[in-house]
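What's in model.txt: compact mmCIF, C-alpha atoms
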```
# COMPACT_ATOMS: atom_id res chain seq x y z
CA MET W 1 4.16 22.95 12.41
CA THR W 2 3.17 20.33 14.98
CA HIS W 3 4.80 20.41 18.42
CA VAL W 4 5.15 17.15 20.37
CA THR W 5 5.29 17.00 24.17
CA ARG W 6 6.03 13.75 26.01
CA ALA W 7 4.95 12.77 29.52
CA GLN W 8 4.14 9.69 31.58
CA LEU W 9 0.92 8.49 33.11
CA ALA W 10 0.75 7.34 36.71
CA ASP W 11 1.47 3.69 35.85
CA GLY W 12 4.45 4.48 33.61
CA ARG W 13 2.71 4.48 30.21
CA GLU W 14 3.82 7.09 27.70
CA ILE W 15 1.53 9.91 26.55
CA LEU W 16 2.27 12.40 23.76
CA TYR W 17 0.51 15.71 23.09
CA PHE W 18 0.38 17.05 19.52
CA ASP W 19 -0.22 20.80 19.38
CA THR W 20 -0.15 23.46 16.68
CA GLU W 21 1.63 25.84 19.06
CA ALA W 22 4.61 25.27 21.36
CA GLY W 23 4.62 25.78 25.11
CA ARG W 24 2.62 22.92 26.60
CA ARG W 25 3.72 21.94 30.10
CA PRO W 26 1.85 18.74 30.78
CA LEU W 27 0.13 18.30 34.11
CA PRO W 28 1.12 15.22 36.15
CA ASP W 29 -1.23 12.25 36.33
CA ALA W 30 -2.51 12.39 39.92
CA ARG W 31 -4.29 9.02 39.83
CA ASP W 32 -3.25 6.18 42.11
CA LEU W 33 -2.67 3.45 39.53
CA PRO W 34 -0.74 0.21 40.09
CA ALA W 35 2.61 0.20 38.30
CA ARG W 36 2.49 -1.56 34.97
CA THR W 37 4.46 -4.80 34.63
CA ASP W 38 6.71 -4.37 31.60
CA GLY W 39 8.10 -7.92 31.46
CA PRO W 40 6.57 -11.00 29.79
CA ASP W 41 4.27 -11.56 32.78
CA GLY W 42 2.58 -8.23 32.04
CA SER W 43 1.64 -9.10 28.47
CA GLY W 44 -0.89 -11.34 26.83
CA GLN W 45 0.15 -14.22 24.59
CA VAL W 46 0.47 -15.00 20.94
CA ARG W 47 -0.09 -18.59 19.93
CA TYR W 48 0.94 -20.16 16.64
CA ASP W 49 -1.85 -21.73 14.59
CA ALA W 50 -0.07 -24.57 12.83
CA LEU W 51 -3.06 -25.21 10.57
CA SER W 52 -2.98 -21.75 8.97
CA GLY W 53 0.57 -20.65 9.75
CA GLU W 54 -0.74 -17.53 11.51
CA TRP W 55 -0.17 -15.99 14.93
CA VAL W 56 -3.23 -15.46 17.15
CA ALA W 57 -3.16 -13.00 20.06
CA VAL W 58 -4.79 -14.03 23.35
CA ALA W 59 -5.49 -11.03 25.59
CA ALA W 60 -7.79 -12.22 28.39
CA HIS W 61 -6.99 -9.12 30.49
CA ARG W 62 -8.98 -7.01 28.01
CA GLN W 63 -12.24 -8.53 29.26
CA THR W 64 -12.31 -5.87 32.00
CA ARG W 65 -11.79 -2.84 29.73
CA THR W 66 -14.22 0.06 29.73
CA HIS W 67 -17.29 -0.51 27.54
CA LEU W 68 -19.45 2.34 26.17
CA PRO W 69 -19.42 4.51 29.30
CA PRO W 70 -21.65 7.61 29.53
CA ALA W 71 -19.99 10.94 28.72
CA ARG W 72 -19.46 11.77 32.39
CA GLU W 73 -17.30 8.62 32.73
CA CYS W 74 -15.41 8.77 29.44
CA PRO W 75 -11.75 7.87 30.07
CA ILE W 76 -10.37 9.97 27.18
CA CYS W 77 -12.20 13.24 27.77
CA PRO W 78 -9.97 15.91 29.38
CA SER W 79 -9.43 15.63 33.14
CA SER W 80 -11.27 18.09 35.34
CA SER W 81 -11.17 19.19 38.97
CA GLU W 82 -13.91 16.62 39.67
CA ARG W 83 -12.51 13.66 37.76
CA SER W 84 -9.15 12.39 36.50
CA THR W 85 -9.01 10.54 33.18
CA GLU W 86 -6.38 8.94 30.96
CA ILE W 87 -5.47 12.47 29.79
CA PRO W 88 -4.35 14.66 32.74
CA GLU W 89 -4.74 17.93 30.81
CA HIS W 90 -7.90 20.04 31.14
CA ASP W 91 -7.79 20.65 27.40
CA TYR W 92 -5.82 19.25 24.47
CA GLU W 93 -5.71 19.06 20.68
CA VAL W 94 -4.55 15.55 19.68
CA VAL W 95 -3.15 12.95 22.06
CA ALA W 96 -1.54 9.53 21.63
CA PHE W 97 -0.95 7.26 24.60
CA GLU W 98 -0.24 3.63 25.38
CA ASN W 99 -3.45 1.63 25.78
CA ARG W 100 -4.20 0.63 29.35
CA PHE W 101 -5.63 -2.66 28.05
CA PRO W 102 -3.27 -3.55 25.19
CA SER W 103 -3.67 -6.55 22.90
CA LEU W 104 0.08 -6.36 22.27
CA GLY W 105 2.87 -5.31 24.60
CA PRO W 106 4.22 -3.71 26.66
CA VAL W 107 7.02 -6.25 26.24
CA LEU W 108 9.09 -5.86 23.05
CA GLY W 109 11.11 -8.44 21.18
CA GLU W 110 11.29 -11.07 18.49
CA LEU W 111 8.89 -13.99 18.17
CA PRO W 112 10.23 -17.57 17.91
CA GLY W 113 11.81 -18.08 14.48
CA SER W 114 10.63 -21.65 13.80
CA PRO W 115 7.16 -21.96 15.35
CA ALA W 116 5.23 -25.21 15.43
CA TRP W 117 2.14 -26.62 17.13
CA GLY W 118 2.20 -25.57 20.79
CA THR W 119 4.45 -22.53 20.30
CA LEU W 120 3.41 -19.56 22.37
CA ALA W 121 5.20 -16.37 23.34
CA PRO W 122 4.52 -13.03 25.06
CA ALA W 123 2.40 -10.79 22.83
CA SER W 124 5.21 -8.34 22.11
CA GLY W 125 4.48 -5.06 20.37
CA ARG W 126 2.61 -1.92 21.30
CA CYS W 127 -0.96 -0.61 21.22
CA GLU W 128 -1.75 3.10 21.34
CA VAL W 129 -4.92 5.19 21.44
CA VAL W 130 -5.07 8.37 19.36
CA THR W 131 -7.69 10.84 20.57
CA PHE W 132 -8.75 13.29 17.83
CA THR W 133 -10.45 15.97 19.93
CA PRO W 134 -11.36 16.82 23.53
CA GLU W 135 -15.03 16.89 22.48
CA HIS W 136 -16.88 13.74 23.51
CA THR W 137 -19.32 13.84 20.58
CA GLY W 138 -18.79 14.24 16.86
CA SER W 139 -16.54 12.42 14.41
CA PHE W 140 -13.35 12.78 12.40
CA ALA W 141 -15.34 14.16 9.47
CA GLU W 142 -16.50 17.06 11.64
CA LEU W 143 -12.99 18.15 12.66
CA PRO W 144 -11.76 21.49 11.34
CA TRP W 145 -9.07 21.05 8.71
CA ASP W 146 -6.23 22.18 10.99
CA ARG W 147 -7.16 19.62 13.64
CA ALA W 148 -7.49 16.81 11.10
CA ARG W 149 -4.08 17.81 9.71
CA THR W 150 -2.61 17.49 13.22
CA VAL W 151 -4.03 13.96 13.45
CA VAL W 152 -2.33 13.08 10.14
CA GLU W 153 0.94 14.42 11.59
CA ALA W 154 0.41 12.33 14.73
CA TRP W 155 -0.09 9.20 12.59
CA SER W 156 3.14 10.00 10.76
CA HIS W 157 5.10 10.61 13.97
CA ARG W 158 3.86 7.47 15.67
CA THR W 159 4.46 5.35 12.54
CA ARG W 160 8.07 6.50 12.43
CA GLU W 161 8.75 5.86 16.11
CA LEU W 162 6.83 2.60 16.44
CA SER W 163 8.54 1.20 13.34
CA ALA W 164 11.88 1.62 15.14
CA LEU W 165 10.89 -0.45 18.20
CA ALA W 166 12.59 -3.80 18.71
CA GLY W 167 10.79 -6.68 17.02
CA VAL W 168 8.06 -4.59 15.32
CA ARG W 169 7.21 -5.87 11.83
CA GLN W 170 4.10 -3.86 10.90
CA VAL W 171 2.44 -0.63 12.09
CA PHE W 172 -1.30 -0.30 11.57
CA PRO W 173 -3.28 2.91 12.35
CA PHE W 174 -7.05 2.45 12.25
CA GLU W 175 -10.37 3.84 13.41
CA ASN W 176 -13.46 1.85 14.33
CA ARG W 177 -16.48 4.16 14.11
CA GLY W 178 -19.98 3.30 15.32
CA ALA W 179 -21.62 0.81 17.66
CA ASP W 180 -22.37 -1.49 14.69
CA ILE W 181 -18.60 -1.89 14.23
CA GLY W 182 -18.09 -2.74 17.91
CA VAL W 183 -16.51 0.40 19.38
CA THR W 184 -16.12 0.45 23.16
CA LEU W 185 -15.82 4.26 23.48
CA HIS W 186 -18.04 6.85 21.77
CA HIS W 187 -15.39 9.60 21.98
CA PRO W 188 -13.81 10.25 18.53
CA HIS W 189 -10.56 8.31 18.53
CA GLY W 190 -8.50 5.73 16.69
CA GLN W 191 -5.82 3.20 17.54
CA ILE W 192 -2.40 2.11 16.34
CA TYR W 193 -1.13 -1.47 16.59
CA ALA W 194 2.56 -2.23 16.24
CA TYR W 195 2.70 -5.98 15.52
CA SER W 196 5.64 -8.29 16.11
CA TYR W 197 4.57 -10.27 13.02
CA VAL W 198 3.22 -9.50 9.56
CA THR W 199 -0.56 -9.77 9.72
CA PRO W 200 -2.45 -12.35 7.61
CA ARG W 201 -4.06 -9.66 5.45
CA ALA W 202 -0.70 -8.05 4.72
CA GLU W 203 0.82 -11.46 3.92
CA ALA W 204 -2.01 -12.12 1.44
CA MET W 205 -1.49 -8.75 -0.25
CA ALA W 206 2.28 -9.28 -0.32
CA ARG W 207 2.18 -12.27 -2.67
CA PRO W 208 0.77 -10.48 -5.75
CA ALA W 209 2.60 -7.26 -4.83
CA VAL W 210 6.04 -8.87 -4.70
CA ALA W 211 5.38 -10.76 -7.94
CA TYR W 212 4.22 -7.58 -9.73
CA TRP W 213 7.22 -5.61 -8.44
CA GLY W 214 9.60 -8.15 -9.91
CA GLU W 215 7.74 -8.52 -13.19
CA HIS W 216 7.87 -4.74 -13.75
CA GLY W 217 11.57 -4.45 -13.09
CA HIS W 218 11.13 -2.62 -9.78
CA ARG W 219 9.75 0.40 -11.63
CA GLU W 220 6.11 0.26 -10.49
CA THR W 221 4.36 -1.28 -7.50
CA LEU W 222 1.07 -3.09 -7.78
CA MET W 223 -0.59 -0.25 -5.84
CA GLU W 224 0.71 2.31 -8.34
CA GLY W 225 -0.53 0.17 -11.21
CA LEU W 226 -4.01 -0.21 -9.71
CA VAL W 227 -4.36 3.52 -9.08
CA ARG W 228 -3.21 4.27 -12.64
CA ARG W 229 -5.78 1.87 -14.09
CA GLU W 230 -8.64 3.14 -11.91
CA ARG W 231 -7.88 6.75 -12.91
CA ALA W 232 -7.81 5.81 -16.59
CA ASP W 233 -11.07 3.86 -16.37
CA GLY W 234 -12.94 6.45 -14.30
CA SER W 235 -16.13 4.47 -13.65
CA ARG W 236 -15.28 3.85 -9.99
CA MET W 237 -13.45 7.12 -9.26
CA ILE W 238 -14.79 9.45 -6.55
CA LEU W 239 -12.13 12.12 -5.92
CA GLU W 240 -8.85 13.03 -7.56
CA GLY W 241 -6.16 15.50 -6.54
CA ASP W 242 -2.56 16.14 -7.50
CA HIS W 243 -1.20 13.50 -5.13
CA PHE W 244 -4.08 11.18 -4.14
CA SER W 245 -7.15 9.56 -5.65
CA ALA W 246 -10.19 7.96 -4.01
CA TYR W 247 -12.08 5.17 -5.77
CA VAL W 248 -14.17 2.08 -5.18
CA PRO W 249 -11.92 -0.89 -6.02
CA PHE W 250 -12.83 -3.07 -9.00
CA ALA W 251 -13.38 -6.13 -6.79
CA ALA W 252 -14.80 -4.45 -3.67
CA ARG W 253 -15.70 -6.94 -0.96
CA TRP W 254 -17.97 -4.73 1.14
CA PRO W 255 -21.24 -2.97 0.22
CA LEU W 256 -19.34 0.26 0.94
CA GLU W 257 -15.60 0.17 0.28
CA VAL W 258 -13.29 2.97 -0.84
CA HIS W 259 -9.54 3.14 -1.33
CA LEU W 260 -7.66 6.42 -0.96
CA ALA W 261 -4.19 5.97 -2.41
CA PRO W 262 -1.19 8.10 -3.44
CA HIS W 263 -0.16 8.48 -7.07
CA ARG W 264 3.47 7.60 -6.32
CA ARG W 265 5.11 4.77 -4.40
CA VAL W 266 4.83 5.49 -0.68
CA ALA W 267 5.47 2.98 2.09
CA ASP W 268 3.71 4.67 5.01
CA PHE W 269 2.58 7.92 6.64
CA ALA W 270 6.16 8.79 7.56
CA ALA W 271 7.19 8.83 3.89
CA LEU W 272 4.60 11.42 2.82
CA SER W 273 5.67 14.94 1.90
CA THR W 274 4.08 18.02 3.47
CA ALA W 275 2.05 18.69 0.31
CA GLU W 276 0.84 15.06 0.27
CA LYS W 277 -0.23 15.24 3.92
CA ASP W 278 -2.11 18.47 3.24
CA GLU W 279 -4.03 16.96 0.32
CA LEU W 280 -4.61 13.69 2.13
CA THR W 281 -6.27 15.63 4.95
CA THR W 282 -8.51 17.48 2.50
CA LEU W 283 -9.57 14.43 0.51
CA TYR W 284 -10.11 12.28 3.60
CA LEU W 285 -12.46 14.85 5.15
CA ASP W 286 -14.30 15.14 1.84
CA LEU W 287 -14.61 11.37 1.54
CA LEU W 288 -15.90 10.88 5.10
CA GLY W 289 -18.43 13.65 4.57
CA ARG W 290 -19.72 11.95 1.43
CA VAL W 291 -19.97 8.63 3.28
CA ASP W 292 -22.08 10.24 6.01
CA GLY W 293 -24.17 12.00 3.38
CA LEU W 294 -25.49 8.71 2.00
CA TYR W 295 -28.05 8.25 4.76
CA ASP W 296 -29.91 10.20 7.43
CA SER W 297 -27.71 8.78 10.21
CA PRO W 298 -23.92 8.43 10.54
CA THR W 299 -22.39 5.49 8.70
CA PRO W 300 -20.41 2.94 10.74
CA TYR W 301 -17.01 2.22 9.23
CA ILE W 302 -13.51 0.88 9.67
CA ALA W 303 -10.77 3.17 8.41
CA ALA W 304 -7.78 0.87 7.87
CA TRP W 305 -4.51 2.59 6.94
CA HIS W 306 -2.46 -0.07 5.17
CA GLN W 307 1.27 0.54 5.50
CA ALA W 308 4.07 -1.56 4.04
CA PRO W 309 5.43 -4.12 6.53
CA LEU W 310 9.02 -3.60 7.63
CA SER W 311 10.26 -6.90 6.21
CA PRO W 312 12.73 -6.58 3.32
CA GLY W 313 11.05 -7.26 -0.02
CA TYR W 314 7.63 -6.38 1.33
CA ARG W 315 8.79 -2.87 2.18
CA GLU W 316 9.72 -2.03 -1.39
CA ALA W 317 6.89 -3.80 -3.19
CA MET W 318 3.85 -2.84 -1.12
CA GLY W 319 2.09 0.52 -1.01
CA PHE W 320 0.43 2.79 1.51
CA HIS W 321 -3.33 3.32 1.17
CA LEU W 322 -6.57 3.72 3.08
CA GLN W 323 -9.21 1.01 2.92
CA LEU W 324 -12.48 2.46 4.22
CA THR W 325 -15.18 -0.17 4.64
CA SER W 326 -18.70 -0.28 6.05
CA PRO W 327 -21.08 -3.23 6.49
CA ARG W 328 -24.04 -0.91 5.85
CA ARG W 329 -25.80 -2.08 2.68
CA ALA W 330 -28.96 0.01 3.13
CA ALA W 331 -30.33 2.60 5.53
CA ASP W 332 -31.61 -0.12 7.86
CA LYS W 333 -29.57 -3.16 6.82
CA LEU W 334 -26.08 -4.44 7.62
CA LYS W 335 -24.04 -7.08 5.86
CA TYR W 336 -23.01 -9.81 8.29
CA LEU W 337 -20.01 -12.04 7.69
CA ALA W 338 -21.66 -15.44 7.64
CA GLY W 339 -20.62 -18.83 6.28
CA SER W 340 -18.83 -17.96 3.04
CA GLU W 341 -17.08 -14.85 4.31
CA ALA W 342 -16.35 -15.81 7.92
CA ALA W 343 -15.42 -19.44 7.34
CA MET W 344 -13.92 -19.39 3.85
CA GLY W 345 -12.87 -15.77 3.42
CA ALA W 346 -14.82 -15.80 0.13
CA PHE W 347 -16.70 -12.50 -0.05
CA ILE W 348 -20.00 -12.01 -1.88
CA ASN W 349 -20.91 -8.36 -2.44
CA ASP W 350 -24.55 -7.28 -2.64
CA VAL W 351 -23.92 -4.17 -4.80
CA THR W 352 -21.79 -3.26 -7.80
CA PRO W 353 -18.70 -1.13 -7.18
CA GLU W 354 -19.71 1.21 -10.02
CA SER W 355 -23.08 2.02 -8.42
CA VAL W 356 -21.43 2.71 -5.06
CA ALA W 357 -18.95 5.08 -6.70
CA ALA W 358 -21.79 6.92 -8.46
CA ARG W 359 -23.67 7.45 -5.21
CA LEU W 360 -20.55 8.73 -3.45
CA ARG W 361 -19.79 11.11 -6.31
CA SER W 362 -23.24 12.66 -5.98
CA SER W 363 -23.37 12.53 -2.18
CA ALA W 364 -23.29 15.82 -0.27
CA SER W 365 -21.52 16.07 3.09
CA PRO W 366 -23.78 17.04 6.01
CA TYR W 367 -20.89 18.93 7.62
CA PRO W 368 -19.84 22.53 6.92
CA ALA W 369 -16.89 22.68 4.53
CA SER W 370 -13.72 23.53 6.46
CA ALA W 371 -10.97 22.19 4.22
CA PRO W 372 -8.96 23.87 1.47
CA SER W 373 -10.14 22.75 -1.96
CA TYR W 374 -8.10 20.29 -3.97
CA PRO W 375 -7.26 21.07 -7.61
CA ALA W 376 -10.26 22.38 -9.55
CA SER W 377 -8.74 20.85 -12.68
CA ALA W 378 -9.41 17.31 -11.40
CA PRO W 379 -11.45 15.25 -13.86
CA SER W 380 -15.22 15.24 -13.51
CA TYR W 381 -16.59 11.73 -13.47
CA PRO W 382 -20.09 10.79 -14.61
CA ALA W 383 -22.79 10.72 -11.96
CA SER W 384 -24.80 8.02 -13.71
CA ALA W 385 -24.32 4.32 -13.07
CA PRO W 386 -26.27 1.06 -13.01
CA THR W 387 -29.42 1.37 -10.91
CA GLN W 388 -28.32 -1.28 -8.43
CA GLY W 389 -26.84 0.55 -5.46
CA LEU W 390 -26.53 0.81 -1.72
CA HIS W 391 -30.28 1.33 -1.45
CA ALA W 392 -31.01 -2.03 -3.11
```
Could you show the structure in this file as structure tokens?
Amino acid sequence: MTHVTRAQLADGREILYFDTEAGRRPLPDARDLPARTDGPDGSGQVRYDALSGEWVAVAAHRQTRTHLPPARECPICPSSSERSTEIPEHDYEVVAFENRFPSLGPVLGELPGSPAWGTLAPASGRCEVVTFTPEHTGSFAELPWDRARTVVEAWSHRTRELSALAGVRQVFPFENRGADIGVTLHHPHGQIYAYSYVTPRAEAMARPAVAYWGEHGHRETLMEGLVRRERADGSRMILEGDHFSAYVPFAARWPLEVHLAPHRRVADFAALSTAEKDELTTLYLDLLGRVDGLYDSPTPYIAAWHQAPLSPGYREAMGFHLQLTSPRRAADKLKYLAGSEAAMGAFINDVTPESVAARLRSSASPYPASAPSYPASAPSYPASAPTQGLHA
């Protein structure tokens, strides 16, 4: 069982401690911080792009945020008698707190209903940081199973609460890992954005999902159908348990891209059962270990947890899943988003999804196994594949 303790930081931001045992009495934040402005004047902006029909956040105040500090100056390591950080405790397990430099929020509310050229509004919503461990070095894949399971519970808790905030339309937990991705803190952590609008990527995925949902008489979502087909085909499968499967998607955009998806219709973290959360933890650790086992150095990645937007219609038709992507196409090469991808959104992949899946199936994690095993009866997929691969 996970125990949640709430407190406030010196400027009024909320902080939550997630512990496996009860009894935490959080220390006060002794820093002298200016009070946060909660009204519209304390937020950035969102501006409506009439050409694309999308909202764009403008957060100029983030230019002064901390950037790759040395360990002795890390703002999310535990506080000590010599230095106070964003986390007042001298030790902790998993922590979620409101970002000091948020892209969205702290104001909450609805965006204008009929935007046009020139429409701007406060960037309502919320941005949180989720710190996975008090240790400054390491990664999610190196967490012991119990700690990783607590993080999954924190994602579920925050998804449930953030989804209930006024004006929130989509909740997005994610982790940026590695300097090549653009992280600003080395300490193992992730973030959660609670948007006041449905993001462009979710809108794009909604169109085929809503159509498929209707065509199949509301009996199967597109996500369920894709997982069923990938499991039956097998050539891109990596891991399979009772509740979740991991596979390289048929039309993968990135040189390294994996989806981890449930076998049943699930909208978000909050809708998962205890057994599903347990297996998700196990498979996710296994998957990250295999990703890091591909090369002699840690692989940069974005772990994007897609959750169904809160809009009616979208909520029922869209499915929860992880999209893990990396721009690393070889040990010493990265894929850059240039003309076709960046300007047109038309991706060109350098490797075949089948060869990537084969390499991940045969990859060995560099980290000691600390997770319970998933079902031994899971199908065994072939290790062979076309010779073109991530090393090409």
> So what do you get for atom CA of W:Asn349 versus atom CA of W:Asp296, distance-wise?
Replying inline: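 Interatomic distance here is 22.9 Å.
The space between atom CA of W:Leu239 and atom CA of W:Asp286 spans 8.6 Å.
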> Contacts of W:Ser363 at 7 Å or less, counting all atoms listed in the file, minus same-chain residues fewer than 2 places along, as a list in words?
Replying inline: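 What passes the distance filter is Arg290, Gly293, Leu294, Arg359, Leu360, Arg361 and Ser365 of chain W.
Using only C-alpha atoms, the smallest distance between any of W:Pro70, W:Gly190, W:Pro88, W:Pro249 and W:Arg231 comes from W:Pro249.
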Counting all atoms listed in the file, I want the residues whose atoms come within 10 Å of (-9.2, 23.3, 2.4) in the file frame, returned as a compact mmCIF listing (two decimals) with C-alpha atoms, in the frame of the given file.
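Resulting contents of result-v4.txt:
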```
# COMPACT_ATOMS: atom_id res chain seq x y z
CA PRO W 144 -11.76 21.49 11.34
CA TRP W 145 -9.07 21.05 8.71
CA ASP W 146 -6.23 22.18 10.99
CA ASP W 278 -2.11 18.47 3.24
CA GLU W 279 -4.03 16.96 0.32
CA THR W 281 -6.27 15.63 4.95
CA THR W 282 -8.51 17.48 2.50
CA LEU W 283 -9.57 14.43 0.51
CA LEU W 285 -12.46 14.85 5.15
CA ASP W 286 -14.30 15.14 1.84
CA ALA W 369 -16.89 22.68 4.53
CA SER W 370 -13.72 23.53 6.46
CA ALA W 371 -10.97 22.19 4.22
CA PRO W 372 -8.96 23.87 1.47
CA SER W 373 -10.14 22.75 -1.96
CA TYR W 374 -8.10 20.29 -3.97
```
> If we count only C-alpha atoms, what is near W:Met223 at a cut-off of 10 Å, once residues fewer than 6 positions away on the same chain are taken out, given as a VMD selection string?
Replying inline: chain W and resid 209 212 to 213 229 261 to 266 317 to 321
> Neighbours of W:Gly105 within 7 Å (all atoms listed in the file; same-chain residues fewer than 5 positions away dropped), as JSON, numbers by chain?
Replying inline: {"W": [43, 123, 124, 125, 126, 127]}
> What gap, in Å, lies between atom CA of W:Ala148 and atom CA of W:Phe132?
Replying inline: 7.7 Å
> Could you pull the residues within 12 Å of W:Ala35, counting only C-alpha atoms, minus those fewer than 3 positions along the same chain, as a count of residues only?
Replying inline: 12
>> Residues within 9 Å of W:Pro122, please, as a ChimeraX atom specification. Count all atoms listed in the file; anything in the same chain fewer than 5 positions from it doesn't count.
In response: /W:39-47,104-105,107-109,111
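In this comparison, which uses only C-alpha atoms, the residue of W:Ile76, W:Ala358, W:Ala338, W:Ala252 approaching W:Thr184 most closely is W:Ile76.
Comparing the minimum interatomic distances between W:Arg177 and each of W:Glu54, W:Asp292, W:Asp91, W:Glu240, counting all atoms listed in the file, we find that W:Asp292 sits nearest.
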